[in-house]
>>> print(open('target-v4.pdb').read())   # PDB, C-alpha atoms, pLDDT in the B column
ATOM      1  CA  MET X  63     -24.395 -15.508  38.913  1.00 46.00           C
ATOM      2  CA  ALA X  64     -22.098 -13.405  36.764  1.00 45.00           C
ATOM      3  CA  THR X  65     -18.407 -12.802  36.275  1.00 43.00           C
ATOM      4  CA  SER X  66     -16.351 -10.355  34.233  1.00 43.00           C
ATOM      5  CA  ALA X  67     -14.983 -13.032  31.889  1.00 51.00           C
ATOM      6  CA  SER X  68     -17.478 -14.191  29.283  1.00 57.00           C
ATOM      7  CA  ALA X  69     -17.766 -17.829  28.219  1.00 63.00           C
ATOM      8  CA  ALA X  70     -19.755 -17.223  25.035  1.00 61.00           C
ATOM      9  CA  LYS X  71     -17.932 -15.558  22.152  1.00 76.00           C
ATOM     10  CA  ASP X  72     -21.184 -14.692  20.360  1.00 85.00           C
ATOM     11  CA  PRO X  73     -22.934 -11.919  22.332  1.00 85.00           C
ATOM     12  CA  LYS X  74     -26.269 -13.620  21.588  1.00 93.00           C
ATOM     13  CA  GLU X  75     -25.092 -16.941  23.106  1.00 95.00           C
ATOM     14  CA  ILE X  76     -25.339 -17.511  26.855  1.00 96.00           C
ATOM     15  CA  VAL X  77     -23.585 -20.480  28.486  1.00 97.00           C
ATOM     16  CA  ILE X  78     -25.317 -21.483  31.714  1.00 96.00           C
ATOM     17  CA  GLY X  79     -24.117 -24.088  34.195  1.00 96.00           C
ATOM     18  CA  THR X  80     -26.481 -25.881  36.537  1.00 94.00           C
ATOM     19  CA  SER X  81     -26.985 -29.060  38.493  1.00 90.00           C
ATOM     20  CA  ALA X  82     -29.189 -31.791  37.062  1.00 88.00           C
ATOM     21  CA  GLY X  83     -32.772 -31.804  38.301  1.00 85.00           C
ATOM     22  CA  PRO X  84     -35.020 -28.884  39.234  1.00 85.00           C
ATOM     23  CA  TYR X  85     -32.566 -26.119  38.316  1.00 88.00           C
ATOM     24  CA  ALA X  86     -31.807 -27.650  34.919  1.00 91.00           C
ATOM     25  CA  ASP X  87     -35.545 -28.058  34.357  1.00 90.00           C
ATOM     26  CA  GLN X  88     -36.147 -24.386  35.219  1.00 89.00           C
ATOM     27  CA  ILE X  89     -33.612 -23.414  32.561  1.00 92.00           C
ATOM     28  CA  LYS X  90     -34.727 -25.921  29.907  1.00 94.00           C
ATOM     29  CA  LEU X  91     -38.477 -25.487  30.320  1.00 93.00           C
ATOM     30  CA  GLY X  92     -38.798 -21.897  31.513  1.00 92.00           C
ATOM     31  CA  ILE X  93     -35.846 -19.593  30.916  1.00 92.00           C
ATOM     32  CA  LYS X  94     -34.392 -21.027  27.689  1.00 96.00           C
ATOM     33  CA  PRO X  95     -37.602 -20.748  25.606  1.00 97.00           C
ATOM     34  CA  ILE X  96     -38.115 -17.134  26.703  1.00 96.00           C
ATOM     35  CA  LEU X  97     -34.545 -16.125  25.855  1.00 96.00           C
ATOM     36  CA  GLU X  98     -34.617 -18.010  22.551  1.00 97.00           C
ATOM     37  CA  LYS X  99     -37.726 -16.043  21.542  1.00 97.00           C
ATOM     38  CA  GLN X 100     -35.646 -12.911  22.186  1.00 96.00           C
ATOM     39  CA  GLY X 101     -32.977 -14.161  19.778  1.00 96.00           C
ATOM     40  CA  TYR X 102     -30.510 -15.718  22.222  1.00 97.00           C
ATOM     41  CA  LYS X 103     -28.892 -19.131  21.885  1.00 96.00           C
ATOM     42  CA  ILE X 104     -28.685 -20.925  25.235  1.00 97.00           C
ATOM     43  CA  LYS X 105     -26.084 -23.590  25.926  1.00 96.00           C
ATOM     44  CA  LEU X 106     -26.765 -25.529  29.120  1.00 96.00           C
ATOM     45  CA  ILE X 107     -24.002 -27.434  30.907  1.00 96.00           C
ATOM     46  CA  GLU X 108     -25.113 -29.768  33.691  1.00 96.00           C
ATOM     47  CA  PHE X 109     -22.742 -30.531  36.567  1.00 95.00           C
ATOM     48  CA  ASN X 110     -23.002 -33.482  38.948  1.00 92.00           C
ATOM     49  CA  ASP X 111     -21.572 -31.658  41.963  1.00 90.00           C
ATOM     50  CA  TYR X 112     -21.905 -28.308  43.736  1.00 88.00           C
ATOM     51  CA  ILE X 113     -18.236 -27.315  43.482  1.00 92.00           C
ATOM     52  CA  GLN X 114     -17.473 -27.065  39.764  1.00 96.00           C
ATOM     53  CA  PRO X 115     -20.183 -24.606  38.609  1.00 96.00           C
ATOM     54  CA  ASN X 116     -18.741 -21.740  40.667  1.00 96.00           C
ATOM     55  CA  PHE X 117     -15.180 -22.502  39.626  1.00 97.00           C
ATOM     56  CA  ALA X 118     -16.262 -22.706  35.959  1.00 96.00           C
ATOM     57  CA  LEU X 119     -18.037 -19.367  36.332  1.00 96.00           C
ATOM     58  CA  ALA X 120     -15.031 -17.748  37.980  1.00 96.00           C
ATOM     59  CA  GLU X 121     -12.641 -18.977  35.273  1.00 95.00           C
ATOM     60  CA  GLY X 122     -14.964 -17.741  32.526  1.00 94.00           C
ATOM     61  CA  SER X 123     -16.146 -20.985  30.919  1.00 95.00           C
ATOM     62  CA  LEU X 124     -19.719 -20.080  31.955  1.00 96.00           C
ATOM     63  CA  ASP X 125     -21.635 -16.819  31.605  1.00 95.00           C
ATOM     64  CA  ALA X 126     -23.914 -17.715  34.514  1.00 95.00           C
ATOM     65  CA  ASN X 127     -24.823 -20.564  36.789  1.00 95.00           C
ATOM     66  CA  VAL X 128     -28.073 -21.540  38.464  1.00 92.00           C
ATOM     67  CA  PHE X 129     -27.972 -24.054  41.314  1.00 89.00           C
ATOM     68  CA  GLN X 130     -27.514 -22.368  44.688  1.00 90.00           C
ATOM     69  CA  HIS X 131     -29.008 -20.030  47.228  1.00 88.00           C
ATOM     70  CA  ILE X 132     -27.354 -16.756  48.257  1.00 90.00           C
ATOM     71  CA  VAL X 133     -25.996 -18.096  51.563  1.00 91.00           C
ATOM     72  CA  TYR X 134     -24.092 -20.867  49.765  1.00 92.00           C
ATOM     73  CA  LEU X 135     -22.828 -18.498  47.054  1.00 94.00           C
ATOM     74  CA  THR X 136     -21.566 -15.924  49.557  1.00 94.00           C
ATOM     75  CA  LYS X 137     -19.814 -18.505  51.735  1.00 96.00           C
ATOM     76  CA  PHE X 138     -18.293 -20.355  48.757  1.00 96.00           C
ATOM     77  CA  ALA X 139     -17.056 -17.160  47.072  1.00 96.00           C
ATOM     78  CA  THR X 140     -15.537 -15.887  50.314  1.00 96.00           C
ATOM     79  CA  GLU X 141     -13.823 -19.179  51.174  1.00 97.00           C
ATOM     80  CA  HIS X 142     -12.360 -19.564  47.688  1.00 97.00           C
ATOM     81  CA  LYS X 143     -11.679 -15.857  47.103  1.00 97.00           C
ATOM     82  CA  LEU X 144     -13.837 -15.768  43.951  1.00 96.00           C
ATOM     83  CA  ALA X 145     -15.315 -12.543  42.573  1.00 94.00           C
ATOM     84  CA  LEU X 146     -18.853 -13.896  42.163  1.00 95.00           C
ATOM     85  CA  THR X 147     -22.110 -12.115  42.868  1.00 92.00           C
ATOM     86  CA  ASP X 148     -25.801 -12.825  42.588  1.00 93.00           C
ATOM     87  CA  LEU X 149     -27.558 -11.427  39.539  1.00 90.00           C
ATOM     88  CA  VAL X 150     -31.142 -12.681  39.659  1.00 87.00           C
ATOM     89  CA  THR X 151     -32.943 -14.559  42.417  1.00 85.00           C
ATOM     90  CA  ILE X 152     -34.810 -17.657  41.271  1.00 81.00           C
ATOM     91  CA  PRO X 153     -36.908 -20.097  43.296  1.00 77.00           C
ATOM     92  CA  THR X 154     -34.877 -22.582  45.310  1.00 75.00           C
ATOM     93  CA  ALA X 155     -36.393 -26.025  44.945  1.00 66.00           C
ATOM     94  CA  PRO X 156     -37.015 -27.908  48.188  1.00 70.00           C
ATOM     95  CA  ILE X 157     -34.893 -31.007  48.605  1.00 69.00           C
ATOM     96  CA  ALA X 158     -36.525 -33.977  50.273  1.00 73.00           C
ATOM     97  CA  ILE X 159     -36.761 -37.740  50.333  1.00 77.00           C
ATOM     98  CA  TYR X 160     -39.782 -39.214  48.575  1.00 78.00           C
ATOM     99  CA  SER X 161     -41.151 -42.743  48.774  1.00 82.00           C
ATOM    100  CA  LYS X 162     -44.194 -44.647  47.616  1.00 86.00           C
ATOM    101  CA  LYS X 163     -43.227 -47.550  49.885  1.00 88.00           C
ATOM    102  CA  HIS X 164     -42.509 -45.872  53.262  1.00 85.00           C
ATOM    103  CA  LYS X 165     -44.679 -43.435  55.213  1.00 87.00           C
ATOM    104  CA  SER X 166     -41.830 -42.152  57.423  1.00 87.00           C
ATOM    105  CA  LEU X 167     -38.056 -42.410  57.887  1.00 86.00           C
ATOM    106  CA  ALA X 168     -38.682 -44.260  61.179  1.00 88.00           C
ATOM    107  CA  LYS X 169     -39.972 -47.214  59.124  1.00 83.00           C
ATOM    108  CA  VAL X 170     -36.790 -47.439  57.006  1.00 84.00           C
ATOM    109  CA  LYS X 171     -34.225 -50.002  58.177  1.00 84.00           C
ATOM    110  CA  ASP X 172     -30.681 -48.799  58.983  1.00 80.00           C
TER     111      ASP X 172
END
>>> encode(input="target-v4.pdb", output="structure tokens")
Amino acid sequence: MATSASAAKDPKEIVIGTSAGPYADQIKLGIKPILEKQGYKIKLIEFNDYIQPNFALAEGSLDANVFQHIVYLTKFATEHKLALTDLVTIPTAPIAIYSKKHKSLAKVKD
């Protein structure tokens, strides 16, 4: 996601916000090394909710954020009257419940 205000003062520094987990891993393990080889410095800020990254982007404390699909971005930006738009589409990680103990949710006690 991008906005007209820029968080990084150095044009070779990119400040990216994300949620902890798969999106942060995509940045740390995939995107960051590629951009660093191209001479960029990447600063990653992890958020623990899905509200703050868009507000931080809109206010200019981030250059980009990575944590949402286009439906969420469009709805959030419209509801909060934020001038945000998608820049690059990345894979959206599936969210699920995993267990080594239970074979199905029906076997989990209330």
>>> resolve_selection(input="target-v4.pdb", expression="the PyMOL selection byres ((chain X and resi 72-89) around 6)", output="number ranges by chain")
X: 70-71, 90-94, 102-110, 115, 124-129
>>> resolve_selection(input="target-v4.pdb", expression="the PyMOL selection byres ((chain X and resi 144) around 10)", output="number ranges by chain")
X: 65, 116-117, 119-121, 135-136, 138-143, 145-147
>>> atom_distance(input="target-v4.pdb", atom1="atom CA of Leu97 of chain X", atom2="atom CA of Ile132 of chain X")
23.5 Å
>>> atom_distance(input="target-v4.pdb", atom1="atom CA of Val150 of chain X", atom2="atom CA of Ala118 of chain X")
18.3 Å
>>> axis_aligned_box(input="target-v4.pdb", around="segment 87-106 of chain X", padding_each_side="3 Å", output="lines of an AutoDock Vina configuration file")
center_x = -32.4
center_y = -20.5
center_z = 27.5
size_x = 18.7
size_y = 21.1
size_z = 21.4
>>> atom_distance(input="target-v4.pdb", atom1="atom CA of His131 of chain X", atom2="atom CA of Tyr112 of chain X")
11.5 Å
>>> closest_residue(input="target-v4.pdb", among="X:Gln130, X:Ser123, X:Pro95, X:Ile113", to="Ile152 of chain X", atoms="all atoms listed in the file")
X:Gln130
